[in-house]
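Text of input29.cif, listed as mmCIF, C-alpha atoms and all ligand atoms:
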```cif
data_model
loop_
_atom_site.label_atom_id
_atom_site.label_comp_id
_atom_site.auth_asym_id
_atom_site.auth_seq_id
_atom_site.Cartn_x
_atom_site.Cartn_y
_atom_site.Cartn_z
CA MET A 24 46.69 -165.06 -55.00
CA SER A 25 45.01 -163.69 -51.85
CA GLU A 26 43.49 -160.21 -51.72
CA LEU A 27 46.06 -159.22 -49.09
CA ASN A 28 48.89 -160.37 -51.34
CA LYS A 29 47.44 -158.28 -54.20
CA ILE A 30 47.36 -155.18 -51.99
CA ALA A 31 50.96 -155.75 -50.84
CA LEU A 32 52.17 -156.15 -54.41
CA LYS A 33 50.28 -153.08 -55.61
CA ILE A 34 52.18 -151.02 -53.03
CA ILE A 35 55.69 -152.28 -53.80
CA LEU A 36 55.78 -153.56 -57.41
CA SER A 37 57.19 -151.81 -60.49
CA GLY A 38 59.76 -149.61 -58.79
CA LYS A 39 57.16 -148.15 -56.45
CA GLY A 40 57.73 -147.62 -52.76
CA ILE A 41 56.13 -146.07 -49.72
CA LEU A 42 56.08 -142.47 -48.52
CA ALA A 43 56.20 -142.59 -44.71
CA ALA A 44 54.35 -139.40 -43.81
CA ASP A 45 53.14 -140.74 -40.48
CA GLU A 46 55.08 -138.47 -38.15
CA SER A 47 53.08 -138.01 -34.97
CA THR A 48 52.37 -134.38 -34.08
CA GLY A 49 55.35 -134.33 -31.70
CA THR A 50 57.79 -135.53 -34.36
CA MET A 51 56.27 -133.31 -37.07
CA THR A 52 56.61 -130.34 -34.75
CA LYS A 53 60.33 -131.11 -34.36
CA ARG A 54 60.69 -131.31 -38.15
CA LEU A 55 58.85 -128.01 -38.67
CA ASP A 56 60.68 -126.26 -35.82
CA ALA A 57 63.94 -127.24 -37.50
CA VAL A 58 62.94 -125.27 -40.62
CA ASN A 59 61.31 -122.41 -38.67
CA VAL A 60 57.73 -123.09 -39.68
CA LYS A 61 54.96 -123.03 -37.08
CA SER A 62 53.56 -126.49 -36.43
CA ASN A 63 49.80 -126.03 -36.70
CA GLU A 64 47.15 -128.18 -38.39
CA ASP A 65 47.04 -126.02 -41.54
CA ASN A 66 50.79 -126.04 -42.09
CA ARG A 67 51.07 -129.78 -41.51
CA LEU A 68 48.26 -130.29 -44.03
CA ASN A 69 49.72 -127.84 -46.53
CA PHE A 70 53.10 -129.61 -46.64
CA ARG A 71 51.66 -133.09 -46.78
CA ASN A 72 49.03 -132.25 -49.38
CA THR A 73 51.73 -130.66 -51.53
CA LEU A 74 53.54 -134.02 -51.57
CA PHE A 75 50.36 -136.07 -52.08
CA THR A 76 49.43 -134.08 -55.20
CA SER A 77 52.86 -134.39 -56.83
CA GLU A 78 53.31 -136.04 -60.21
CA SER A 79 55.60 -138.72 -58.74
CA MET A 80 52.70 -140.09 -56.70
CA ARG A 81 51.50 -141.72 -59.93
CA THR A 82 54.81 -143.24 -60.90
CA CYS A 83 56.94 -143.79 -57.79
CA ILE A 84 54.68 -144.07 -54.75
CA GLY A 85 52.55 -147.16 -54.18
CA GLY A 86 51.38 -146.26 -50.70
CA VAL A 87 51.42 -143.42 -48.20
CA ILE A 88 51.50 -144.00 -44.44
CA LEU A 89 49.41 -141.39 -42.69
CA TYR A 90 49.05 -140.27 -39.11
CA ASP A 91 45.63 -140.18 -37.41
CA GLU A 92 45.32 -136.41 -37.87
CA THR A 93 46.01 -136.56 -41.61
CA ILE A 94 43.67 -139.42 -42.51
CA ARG A 95 40.78 -137.29 -41.18
CA GLN A 96 41.76 -134.12 -43.08
CA SER A 97 40.40 -132.80 -46.38
CA PHE A 98 41.80 -130.43 -48.95
CA GLY A 99 39.18 -128.63 -51.05
CA SER A 100 36.32 -131.04 -51.66
CA LYS A 101 38.34 -134.23 -51.21
CA THR A 102 39.53 -136.14 -48.20
CA ILE A 103 43.24 -136.90 -47.98
CA PRO A 104 42.66 -140.65 -48.55
CA GLU A 105 40.66 -139.74 -51.71
CA ILE A 106 43.48 -137.51 -52.95
CA ILE A 107 45.98 -140.33 -52.45
CA SER A 108 43.73 -142.95 -54.06
CA ASP A 109 43.12 -140.66 -57.07
CA SER A 110 46.86 -140.72 -57.74
CA GLY A 111 46.77 -144.52 -57.88
CA ALA A 112 48.53 -145.01 -54.54
CA LEU A 113 46.98 -146.67 -51.49
CA PRO A 114 46.37 -144.82 -48.24
CA GLY A 115 47.85 -146.46 -45.13
CA ILE A 116 47.78 -145.59 -41.45
CA LYS A 117 50.16 -145.81 -38.50
CA VAL A 118 48.18 -147.56 -35.77
CA ASP A 119 50.64 -147.89 -32.92
CA THR A 120 50.41 -145.29 -30.19
CA GLY A 121 54.12 -144.96 -29.63
CA ALA A 122 57.00 -146.59 -27.78
CA LYS A 123 57.02 -146.39 -23.96
CA VAL A 124 59.53 -147.65 -21.40
CA LEU A 125 59.26 -151.43 -21.12
CA ALA A 126 58.29 -152.60 -17.62
CA GLY A 127 61.20 -154.60 -16.26
CA SER A 128 63.69 -152.35 -18.03
CA THR A 129 64.80 -148.80 -17.36
CA TYR A 130 65.75 -147.93 -20.91
CA GLU A 131 64.33 -150.22 -23.56
CA LYS A 132 60.97 -149.55 -25.16
CA ILE A 133 57.80 -151.44 -25.97
CA THR A 134 55.36 -150.15 -28.56
CA GLU A 135 51.80 -149.72 -27.34
CA GLY A 136 48.39 -149.55 -29.02
CA LEU A 137 46.81 -153.01 -28.90
CA ASP A 138 43.92 -152.05 -26.61
CA GLY A 139 40.90 -151.09 -28.73
CA LEU A 140 42.86 -151.70 -31.93
CA ARG A 141 40.20 -153.90 -33.56
CA GLU A 142 37.66 -151.06 -33.35
CA ARG A 143 40.13 -148.41 -34.52
CA LEU A 144 41.03 -150.57 -37.51
CA LYS A 145 37.41 -150.79 -38.59
CA GLU A 146 37.17 -147.01 -38.53
CA TYR A 147 40.43 -146.55 -40.47
CA TYR A 148 39.19 -149.00 -43.12
CA LYS A 149 36.04 -146.91 -43.52
CA LEU A 150 38.20 -143.81 -43.84
CA GLY A 151 39.99 -145.45 -46.78
CA ALA A 152 43.07 -147.17 -45.30
CA ARG A 153 44.13 -150.40 -46.99
CA PHE A 154 47.36 -151.00 -45.11
CA THR A 155 48.78 -150.13 -41.71
CA LYS A 156 52.06 -149.71 -39.87
CA TRP A 157 53.40 -150.53 -36.40
CA ARG A 158 56.98 -149.80 -35.39
CA GLY A 159 58.95 -151.57 -32.68
CA VAL A 160 62.27 -149.97 -31.67
CA TYR A 161 65.41 -151.68 -30.44
CA SER A 162 68.71 -150.21 -29.27
CA ILE A 163 72.13 -151.78 -29.61
CA SER A 164 74.64 -151.77 -26.75
CA ASP A 165 76.60 -154.44 -24.86
CA LYS A 166 73.32 -155.32 -23.07
CA PHE A 167 70.71 -154.45 -25.68
CA PRO A 168 68.50 -155.47 -27.27
CA SER A 169 67.57 -157.74 -24.35
CA LYS A 170 65.68 -161.00 -24.81
CA LEU A 171 62.73 -159.28 -23.10
CA SER A 172 62.63 -156.45 -25.61
CA ILE A 173 63.08 -158.80 -28.58
CA TYR A 174 60.29 -161.07 -27.40
CA SER A 175 57.85 -158.37 -26.22
CA ASN A 176 58.06 -156.28 -29.37
CA ALA A 177 57.80 -159.34 -31.64
CA HIS A 178 54.71 -160.47 -29.75
CA ALA A 179 53.07 -157.04 -30.03
CA LEU A 180 53.92 -156.80 -33.75
CA ALA A 181 52.38 -160.22 -34.36
CA ARG A 182 49.17 -159.49 -32.44
CA TYR A 183 48.89 -156.21 -34.33
CA ALA A 184 49.42 -157.91 -37.70
CA ALA A 185 46.81 -160.59 -37.00
CA LEU A 186 44.19 -157.97 -36.09
CA VAL A 187 44.99 -155.94 -39.21
CA GLN A 188 44.58 -158.91 -41.55
CA GLU A 189 41.30 -159.79 -39.84
CA CYS A 190 40.19 -156.33 -41.01
CA ASP A 191 41.33 -156.99 -44.63
CA MET A 192 44.34 -154.67 -44.54
CA VAL A 193 48.04 -155.37 -45.08
CA PRO A 194 50.22 -154.89 -42.00
CA ILE A 195 53.63 -153.32 -42.39
CA VAL A 196 55.78 -154.91 -39.72
CA GLU A 197 58.54 -152.49 -38.73
CA PRO A 198 61.15 -153.74 -36.29
CA GLU A 199 63.66 -150.87 -36.30
CA VAL A 200 67.08 -151.58 -34.84
CA LEU A 201 68.35 -148.05 -34.26
CA MET A 202 71.67 -146.89 -35.66
CA ASP A 203 72.64 -144.98 -32.48
CA GLY A 204 75.90 -146.20 -30.96
CA ASN A 205 79.45 -147.16 -31.84
CA HIS A 206 78.75 -150.79 -32.72
CA SER A 207 79.99 -152.40 -35.92
CA ALA A 208 77.88 -153.44 -38.90
CA LYS A 209 78.64 -157.04 -37.91
CA VAL A 210 76.92 -156.49 -34.55
CA CYS A 211 74.02 -154.74 -36.30
CA TYR A 212 73.73 -157.79 -38.58
CA GLU A 213 73.66 -160.20 -35.62
CA LYS A 214 71.13 -158.21 -33.60
CA THR A 215 68.87 -157.40 -36.55
CA SER A 216 68.83 -161.07 -37.59
CA GLU A 217 67.78 -162.10 -34.08
CA VAL A 218 65.06 -159.44 -33.98
CA ILE A 219 63.60 -160.32 -37.40
CA LYS A 220 63.67 -164.08 -36.76
CA LYS A 221 61.77 -163.62 -33.52
CA CYS A 222 59.19 -161.41 -35.28
CA PHE A 223 58.46 -164.11 -37.85
CA GLU A 224 58.32 -166.80 -35.18
CA GLU A 225 55.58 -164.78 -33.47
CA LEU A 226 53.81 -163.87 -36.73
CA ILE A 227 53.57 -167.57 -37.59
CA LEU A 228 52.36 -168.43 -34.09
CA ASN A 229 49.63 -165.80 -34.48
CA LYS A 230 48.57 -167.33 -37.82
CA VAL A 231 49.42 -164.25 -39.87
CA ASP A 232 49.26 -164.80 -43.66
CA LEU A 233 52.85 -164.02 -44.61
CA THR A 234 51.93 -163.41 -48.27
CA GLY A 235 50.00 -160.36 -47.05
CA VAL A 236 52.75 -158.74 -44.98
CA ILE A 237 55.39 -156.14 -45.87
CA LEU A 238 58.52 -156.11 -43.71
CA LYS A 239 60.01 -152.68 -42.98
CA PRO A 240 63.48 -153.25 -41.59
CA ASN A 241 66.61 -151.16 -41.11
CA MET A 242 69.57 -151.71 -43.38
CA ILE A 243 72.67 -153.26 -41.82
CA LEU A 244 74.89 -150.31 -40.93
CA ASP A 245 77.69 -149.38 -38.55
CA GLY A 246 76.50 -147.41 -35.54
CA ASN A 247 76.41 -143.68 -36.26
CA SER A 248 79.30 -143.02 -33.85
CA ALA A 249 81.44 -146.00 -34.92
CA THR A 250 84.98 -144.95 -35.79
CA SER A 251 85.39 -147.18 -38.83
CA LYS A 252 82.72 -147.74 -41.43
CA VAL A 253 82.11 -150.59 -43.85
CA SER A 254 81.71 -149.83 -47.56
CA ASN A 255 78.31 -149.38 -49.22
CA ASP A 256 78.86 -152.69 -51.02
CA GLN A 257 79.33 -154.37 -47.63
CA ILE A 258 76.13 -152.73 -46.35
CA ALA A 259 74.23 -154.20 -49.29
CA LYS A 260 75.84 -157.61 -48.87
CA LEU A 261 75.18 -157.84 -45.11
CA THR A 262 71.61 -156.53 -45.50
CA LEU A 263 70.80 -159.13 -48.14
CA LYS A 264 72.42 -161.91 -46.11
CA CYS A 265 70.43 -160.93 -43.03
CA LEU A 266 67.11 -160.87 -44.89
CA GLU A 267 67.73 -164.04 -46.84
CA GLU A 268 68.47 -165.91 -43.61
CA SER A 269 65.69 -164.40 -41.48
CA VAL A 270 62.65 -163.76 -43.69
CA PRO A 271 60.36 -166.62 -44.77
CA LYS A 272 60.06 -167.00 -48.55
CA GLU A 273 56.27 -166.37 -48.54
CA VAL A 274 56.79 -162.68 -47.71
CA PRO A 275 56.37 -160.65 -50.94
CA GLY A 276 58.63 -157.77 -50.11
CA VAL A 277 60.76 -155.59 -47.97
CA ALA A 278 60.44 -151.79 -47.76
CA PHE A 279 63.38 -150.28 -45.90
CA LEU A 280 63.24 -147.37 -43.48
CA SER A 281 65.94 -144.75 -43.92
CA GLY A 282 66.65 -144.46 -40.20
CA GLY A 283 68.73 -141.28 -40.24
CA GLN A 284 70.76 -141.93 -43.39
CA SER A 285 71.03 -138.95 -45.71
CA GLU A 286 68.86 -138.93 -48.82
CA ILE A 287 71.79 -139.92 -51.02
CA GLU A 288 73.06 -142.66 -48.66
CA ALA A 289 69.60 -144.21 -48.41
CA THR A 290 69.25 -144.11 -52.20
CA GLU A 291 72.73 -145.43 -52.95
CA ASN A 292 72.42 -148.30 -50.46
CA LEU A 293 68.99 -149.31 -51.80
CA ASN A 294 70.40 -149.26 -55.32
CA LEU A 295 73.31 -151.53 -54.38
CA ILE A 296 70.95 -153.88 -52.54
CA ASN A 297 68.83 -154.20 -55.67
CA LYS A 298 71.83 -154.68 -57.94
CA ALA A 299 73.02 -157.57 -55.78
CA ASN A 300 69.57 -158.96 -54.92
CA LYS A 301 69.35 -162.66 -55.74
CA THR A 302 66.49 -163.30 -53.29
CA LYS A 303 62.87 -163.52 -54.40
CA PHE A 304 61.91 -160.53 -52.26
CA ILE A 305 61.06 -157.17 -53.79
CA MET A 306 63.35 -154.60 -52.11
CA THR A 307 62.01 -151.08 -52.02
CA TYR A 308 61.70 -148.01 -49.81
CA SER A 309 59.39 -146.82 -47.09
CA TYR A 310 61.27 -143.63 -46.35
CA GLY A 311 60.24 -140.74 -44.16
CA ARG A 312 63.21 -138.41 -43.85
CA ALA A 313 65.04 -139.68 -46.95
CA LEU A 314 62.04 -138.77 -49.14
CA GLN A 315 60.95 -135.55 -47.49
CA GLN A 316 64.01 -133.73 -46.16
CA SER A 317 64.91 -131.61 -49.20
CA ALA A 318 61.27 -130.95 -50.07
CA LEU A 319 60.59 -129.77 -46.51
CA LYS A 320 63.58 -127.46 -46.60
CA TYR A 321 62.51 -125.96 -49.92
CA TRP A 322 58.86 -125.63 -48.87
CA SER A 323 59.80 -123.88 -45.62
CA LYS A 324 61.26 -120.95 -47.58
CA ASP A 325 57.90 -120.29 -49.27
CA ILE A 326 55.01 -122.50 -48.22
CA GLU A 327 52.91 -121.26 -51.15
CA ASP A 328 55.42 -122.49 -53.73
CA THR A 329 53.69 -125.79 -54.42
CA THR A 330 55.27 -126.28 -57.87
CA GLY A 331 58.82 -125.75 -56.63
CA THR A 332 58.35 -128.07 -53.63
CA GLN A 333 56.81 -130.73 -55.85
CA LYS A 334 59.74 -130.53 -58.24
CA VAL A 335 62.14 -131.27 -55.37
CA PHE A 336 59.97 -134.13 -54.09
CA ASN A 337 59.48 -135.59 -57.59
CA HIS A 338 63.23 -135.72 -58.07
CA ARG A 339 63.81 -137.54 -54.76
CA ALA A 340 60.97 -139.99 -55.40
CA LYS A 341 62.31 -140.68 -58.92
CA MET A 342 65.80 -141.37 -57.54
CA CYS A 343 64.40 -143.78 -54.94
CA SER A 344 62.29 -145.51 -57.57
CA LEU A 345 65.34 -145.98 -59.79
CA ALA A 346 67.22 -147.36 -56.77
CA ALA A 347 64.38 -149.80 -56.13
CA GLN A 348 65.12 -151.14 -59.63
CA GLY A 349 68.91 -151.02 -59.29
CA LYS A 350 69.02 -148.32 -62.00
CA TRP A 351 70.22 -145.31 -59.98
CA SER A 352 73.60 -143.63 -60.44
CA LYS A 353 75.12 -140.58 -58.78
CA ASP A 354 75.20 -138.48 -61.96
CA LEU A 355 71.39 -138.67 -62.13
CA GLU A 356 71.31 -136.61 -58.93
CA ILE A 357 72.13 -133.41 -60.80
CA GLN A 358 68.78 -131.68 -61.11
CA SER A 359 67.88 -129.68 -64.20
C1 LIG B 401 57.75 -140.86 -40.28
O1 LIG B 401 58.26 -141.18 -38.99
C2 LIG B 401 57.74 -142.33 -38.33
C3 LIG B 401 57.82 -142.17 -36.84
O2 LIG B 401 56.97 -141.24 -36.39
P1 LIG B 401 56.83 -141.07 -34.79
O3 LIG B 401 58.18 -141.35 -34.18
O4 LIG B 401 56.42 -139.67 -34.66
O5 LIG B 401 55.79 -142.04 -34.35
C4 LIG B 401 58.63 -143.55 -38.52
O6 LIG B 401 58.06 -144.71 -37.99
C5 LIG B 401 58.92 -143.76 -39.94
O7 LIG B 401 57.77 -144.23 -40.60
C6 LIG B 401 60.03 -144.78 -40.13
O8 LIG B 401 60.98 -144.75 -39.10
C7 LIG B 401 60.72 -144.46 -41.41
O9 LIG B 401 61.16 -143.13 -41.37
P2 LIG B 401 62.67 -142.82 -41.73
O10 LIG B 401 62.77 -141.33 -41.55
O11 LIG B 401 63.50 -143.61 -40.75
O12 LIG B 401 62.82 -143.30 -43.15
#
```

Starting from the file, give its structure as C-alpha cells.
Amino acid sequence: MSELNKIALKIILSGKGILAADESTGTMTKRLDAVNVKSNEDNRLNFRNTLFTSESMRTCIGGVILYDETIRQSFGSKTIPEIISDSGALPGIKVDTGAKVLAGSTYEKITEGLDGLRERLKEYYKLGARFTKWRGVYSISDKFPSKLSIYSNAHALARYAALVQECDMVPIVEPEVLMDGNHSAKVCYEKTSEVIKKCFEELILNKVDLTGVILKPNMILDGNSATSKVSNDQIAKLTLKCLEESVPKEVPGVAFLSGGQSEIEATENLNLINKANKTKFIMTYSYGRALQQSALKYWSKDIEDTTGTQKVFNHRAKMCSLAAQGKWSKDLEIQS
C-alpha cells in the first residue's frame, strides 16, 4: 500500500468524511452577509475554529479543506493545522485560484492556479497540509459543457494532481457539474459521465497514481429549475451507475460535494447511495454548505456560544457519517 493510498484511506474510511471549509474570502463574505455577521479575519477564524474544535472532528471528520487564509491562522498557542491534526483529522488545502472565463468561450470557465503551484505546494506541506483540492466547474445547457471546457478542465485537474503527488500529498479531484438549469437527471448523468471519463483519461496520461486520489463529484440530480424530479432512489441509482462506469477501480473513494442540496437532501441521498453501493469505492461526503449551514445560522445569533454551535455541527456531522455507512434514517434527525 502506497503512502498516498494510506493518507486517502485515513481521510475517508470508517464513516469519516471531509469538511469543506475552503470558501475563499469572497464566498465566505457572502455566507456571513447572509446571516448578518461582519466578514473580517477574526469572525471567519472564530466560526471555523469553533467547528474544528468540535467533538465530531474525532469521530466523523477525516479531513478538513482549508483556504489559504485559514491554514496560516492560529488560535491560542496552536496553528489551525495543529488544532485539526490534534483531533485526528488531516489538514488539507484548496490550491486552485478560482474559475475564470475560458478563452474561446464567452460563458464557460477554466480553473486557474497552475503557475507557481509546485512552490506553493511545498509551502503548504510545511504548514501541515497532507491533501489538497482543485475544483473545475461545468454548466449544463443545450451547448454546454463544450468539448473545450471538458478537455481544458480535465487537463488542468490532471496537471494539478501530478504536482500534488510529487509533493507527497493526496489530490482531491473535483469536477463539479453544476445543478443550475432545467435539464433532467438523465442529461446530468450523460454529461457528468463524459466529464469524469475525460478527467481520468488525463490523470492517467499525466501518470497520476490513482490509488492516491479522491474523486469529489456531484451527485446525479435534475437541474434545480427542472419541472419534474426523479426520486431519491433514482438519484442513488444513476449516481452509482455513473461512477461505476467512469471511475477506474484503483481509486479508493469518492467524497461527494453537496452542490446546493439542503442538509437533509444531501444526507438522504448519500445514505441511499451507500445502501445500494455494490462498487468497491468508499462513498462519503466532502460537504461545505450541507455540513455548515445550520451551524452558521446558530452561531450568527451569538458568536460566543461555542458549545451551542458545536452541538448543531456535531449533529450534522453525525448524520452525514451515518449516511456514509448507509445507517441514517429521518427519525434520527430529531435533535435532543
Ligand atoms: C466551500 O466552498 C468551496 C468553493 O469555494 P470558492 O467558490 O469560494 O472557491 C467549494 O469548492 C466546495 O468545497 C465544494 O463545492 C463543496 O461545497 P458544497 O457546498 O457544494 O458541498

Mind checking which residues fall within 12 Å of Phe154 (chain A), counting all atoms listed in the file, ignoring those fewer than 5 positions away in the same chain, and posting them as a VMD selection string? chain A and resid 26 to 34 41 85 to 89 104 112 to 118 144 to 145 147 to 148 184 186 to 196 235 to 237

Just give me the gap between CA of Ser281 (chain A) and CA of Lys166 (chain A) in Å, one decimal is fine. 24.5 Å

Quick one: residues within 6 Å of ligand LIG 401 (chain B), with all atoms listed in the file, as a PyMOL selection string? chain A and resi 43-47+50+121+158+280-283+310-313

Distance of CA of Asp354 (chain A) from CA of Asp328 (chain A), expressed in Å to one decimal place: 26.7 Å

Residues at most 10 Å from Arg182 (chain A), counting only C-alpha atoms, excluding those fewer than 4 positions away in the same chain, as a list of chain:residue names? A:Leu137, A:Asn176, A:Ala177, A:His178, A:Leu186, A:Val187, A:Glu225, A:Leu226, A:Leu228, A:Asn229, A:Lys230, A:Val231

Selection: 10 Å around region 270-274 of chain A, all atoms listed in the file, excl. self and same-chain fewer than 5 positions, as a list in words: Asn28, Ala31, Ser216, Ile219, Lys220, Cys222, Phe223, Glu224, Ile227, Asp232, Leu233, Thr234, Gly235, Val236, Ile237, Leu238, Cys265, Thr302, Lys303, Phe304 and Ile305 of chain A

Neighbours of point (52.3, -152.6, -28.5) within 7 Å, using all atoms listed in the file, written as a list of chain:residue names: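 In the file's frame, the residues around the point are A:Asp119, A:Ile133, A:Thr134, A:Glu135, A:Gly136, A:Leu137, A:Asn176, A:Ala179, A:Leu180.
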
Serialized selection, C-alpha atoms, as a PDB file, in the coordinates of the input:
```
ATOM      1  CA  ASP A 119      50.640-147.890 -32.920  1.00  0.00           C
ATOM      2  CA  ILE A 133      57.800-151.440 -25.970  1.00  0.00           C
ATOM      3  CA  THR A 134      55.360-150.150 -28.560  1.00  0.00           C
ATOM      4  CA  GLU A 135      51.800-149.720 -27.340  1.00  0.00           C
ATOM      5  CA  GLY A 136      48.390-149.550 -29.020  1.00  0.00           C
ATOM      6  CA  LEU A 137      46.810-153.010 -28.900  1.00  0.00           C
ATOM      7  CA  ASN A 176      58.060-156.280 -29.370  1.00  0.00           C
ATOM      8  CA  ALA A 179      53.070-157.040 -30.030  1.00  0.00           C
ATOM      9  CA  LEU A 180      53.920-156.800 -33.750  1.00  0.00           C
TER      10      LEU A 180
END
```

Straight-line distance linking CA of Leu36 (chain A) with CA of Val218 (chain A), stated in Å to one decimal: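 That distance, rounded to one decimal, is 25.9 Å.
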
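Proximity to Arg71 (chain A) was assessed for A:Ala126, A:Ala318, A:Ile173, A:Ile296 counting only C-alpha atoms; the smallest distance is recorded for A:Ala318.
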
Protein/DNA/RNA residues near (43.8, -132.0, -55.9), cut 12 Å, all atoms listed in the file, as a ChimeraX atom specification: /A:69,72-78,97-110,329

Closest to Lys53 (chain A) among A:Lys301, A:Arg67, A:Lys221, A:Lys252, using only C-alpha atoms?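 Of A:Lys301, A:Arg67, A:Lys221, A:Lys252, the one nearest Lys53 (chain A) is A:Arg67, counting only C-alpha atoms.
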
Rank nothing, just name the residue among A:Ala340, A:Ser309, A:Asn294, A:Pro275 nearest to Asp256 (chain A), using only C-alpha atoms. A:Asn294

I'd like to know which of A:Ser175, A:Asn66, A:Ser162, A:Ser254 is closest to Gly127 (chain A), using only C-alpha atoms.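 Of A:Ser175, A:Asn66, A:Ser162, A:Ser254, the one nearest Gly127 (chain A), counting only C-alpha atoms, is A:Ser175.
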
Counting all atoms listed in the file, figure out which residue out of A:Tyr130, A:Phe167, A:Trp157, A:Phe336 gets nearest to Tyr183 (chain A). A:Trp157

Which of these, A:Ala346, A:Asn300, A:Leu319, A:Thr52, has the shortest distance to Glu288 (chain A) once you count all atoms listed in the file? A:Ala346

As a PDB file, in the coordinates of the input, the rebuilt region 119-125 of chain A with all heavy atoms:
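Produced file out-v1.pdb, reproduced below:
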```pdb
ATOM      1  N   ASP A 119      50.107-147.785 -34.275  1.00  0.00           N
ATOM      2  CA  ASP A 119      50.640-147.890 -32.920  1.00  0.00           C
ATOM      3  C   ASP A 119      50.495-146.539 -32.231  1.00  0.00           C
ATOM      4  O   ASP A 119      50.321-145.509 -32.893  1.00  0.00           O
ATOM      5  CB  ASP A 119      52.092-148.395 -32.916  1.00  0.00           C
ATOM      6  CG  ASP A 119      53.073-147.419 -33.540  1.00  0.00           C
ATOM      7  OD1 ASP A 119      53.283-146.336 -32.964  1.00  0.00           O
ATOM      8  OD2 ASP A 119      53.630-147.736 -34.613  1.00  0.00           O
ATOM      9  N   THR A 120      50.554-146.561 -30.912  1.00  0.00           N
ATOM     10  CA  THR A 120      50.410-145.290 -30.190  1.00  0.00           C
ATOM     11  C   THR A 120      51.725-144.865 -29.546  1.00  0.00           C
ATOM     12  O   THR A 120      51.746-144.069 -28.615  1.00  0.00           O
ATOM     13  CB  THR A 120      49.276-145.382 -29.133  1.00  0.00           C
ATOM     14  OG1 THR A 120      49.555-146.490 -28.263  1.00  0.00           O
ATOM     15  CG2 THR A 120      47.930-145.581 -29.779  1.00  0.00           C
ATOM     16  N   GLY A 121      52.810-145.425 -30.058  1.00  0.00           N
ATOM     17  CA  GLY A 121      54.120-144.960 -29.630  1.00  0.00           C
ATOM     18  C   GLY A 121      54.851-145.939 -28.723  1.00  0.00           C
ATOM     19  O   GLY A 121      54.263-146.882 -28.188  1.00  0.00           O
ATOM     20  N   ALA A 122      56.148-145.702 -28.572  1.00  0.00           N
ATOM     21  CA  ALA A 122      57.000-146.590 -27.780  1.00  0.00           C
ATOM     22  C   ALA A 122      57.178-146.006 -26.379  1.00  0.00           C
ATOM     23  O   ALA A 122      57.542-144.835 -26.230  1.00  0.00           O
ATOM     24  CB  ALA A 122      58.336-146.769 -28.471  1.00  0.00           C
ATOM     25  N   LYS A 123      56.905-146.815 -25.363  1.00  0.00           N
ATOM     26  CA  LYS A 123      57.020-146.390 -23.960  1.00  0.00           C
ATOM     27  C   LYS A 123      58.057-147.273 -23.270  1.00  0.00           C
ATOM     28  O   LYS A 123      58.375-148.357 -23.770  1.00  0.00           O
ATOM     29  CB  LYS A 123      55.669-146.540 -23.241  1.00  0.00           C
ATOM     30  CG  LYS A 123      54.465-145.998 -23.989  1.00  0.00           C
ATOM     31  CD  LYS A 123      54.323-144.483 -23.885  1.00  0.00           C
ATOM     32  CE  LYS A 123      53.506-143.882 -25.036  1.00  0.00           C
ATOM     33  NZ  LYS A 123      52.160-144.378 -25.239  1.00  0.00           N
ATOM     34  N   VAL A 124      58.524-146.831 -22.096  1.00  0.00           N
ATOM     35  CA  VAL A 124      59.530-147.650 -21.400  1.00  0.00           C
ATOM     36  C   VAL A 124      58.932-149.013 -21.049  1.00  0.00           C
ATOM     37  O   VAL A 124      57.804-149.116 -20.570  1.00  0.00           O
ATOM     38  CB  VAL A 124      60.040-146.928 -20.122  1.00  0.00           C
ATOM     39  CG1 VAL A 124      60.968-147.850 -19.328  1.00  0.00           C
ATOM     40  CG2 VAL A 124      60.783-145.659 -20.504  1.00  0.00           C
ATOM     41  N   LEU A 125      59.693-150.045 -21.336  1.00  0.00           N
ATOM     42  CA  LEU A 125      59.260-151.430 -21.120  1.00  0.00           C
ATOM     43  C   LEU A 125      59.349-151.754 -19.625  1.00  0.00           C
ATOM     44  O   LEU A 125      60.429-151.591 -19.030  1.00  0.00           O
ATOM     45  CB  LEU A 125      60.200-152.333 -21.933  1.00  0.00           C
ATOM     46  CG  LEU A 125      60.077-153.844 -21.841  1.00  0.00           C
ATOM     47  CD1 LEU A 125      58.721-154.321 -22.358  1.00  0.00           C
ATOM     48  CD2 LEU A 125      61.190-154.493 -22.672  1.00  0.00           C
TER      49      LEU A 125
END
```
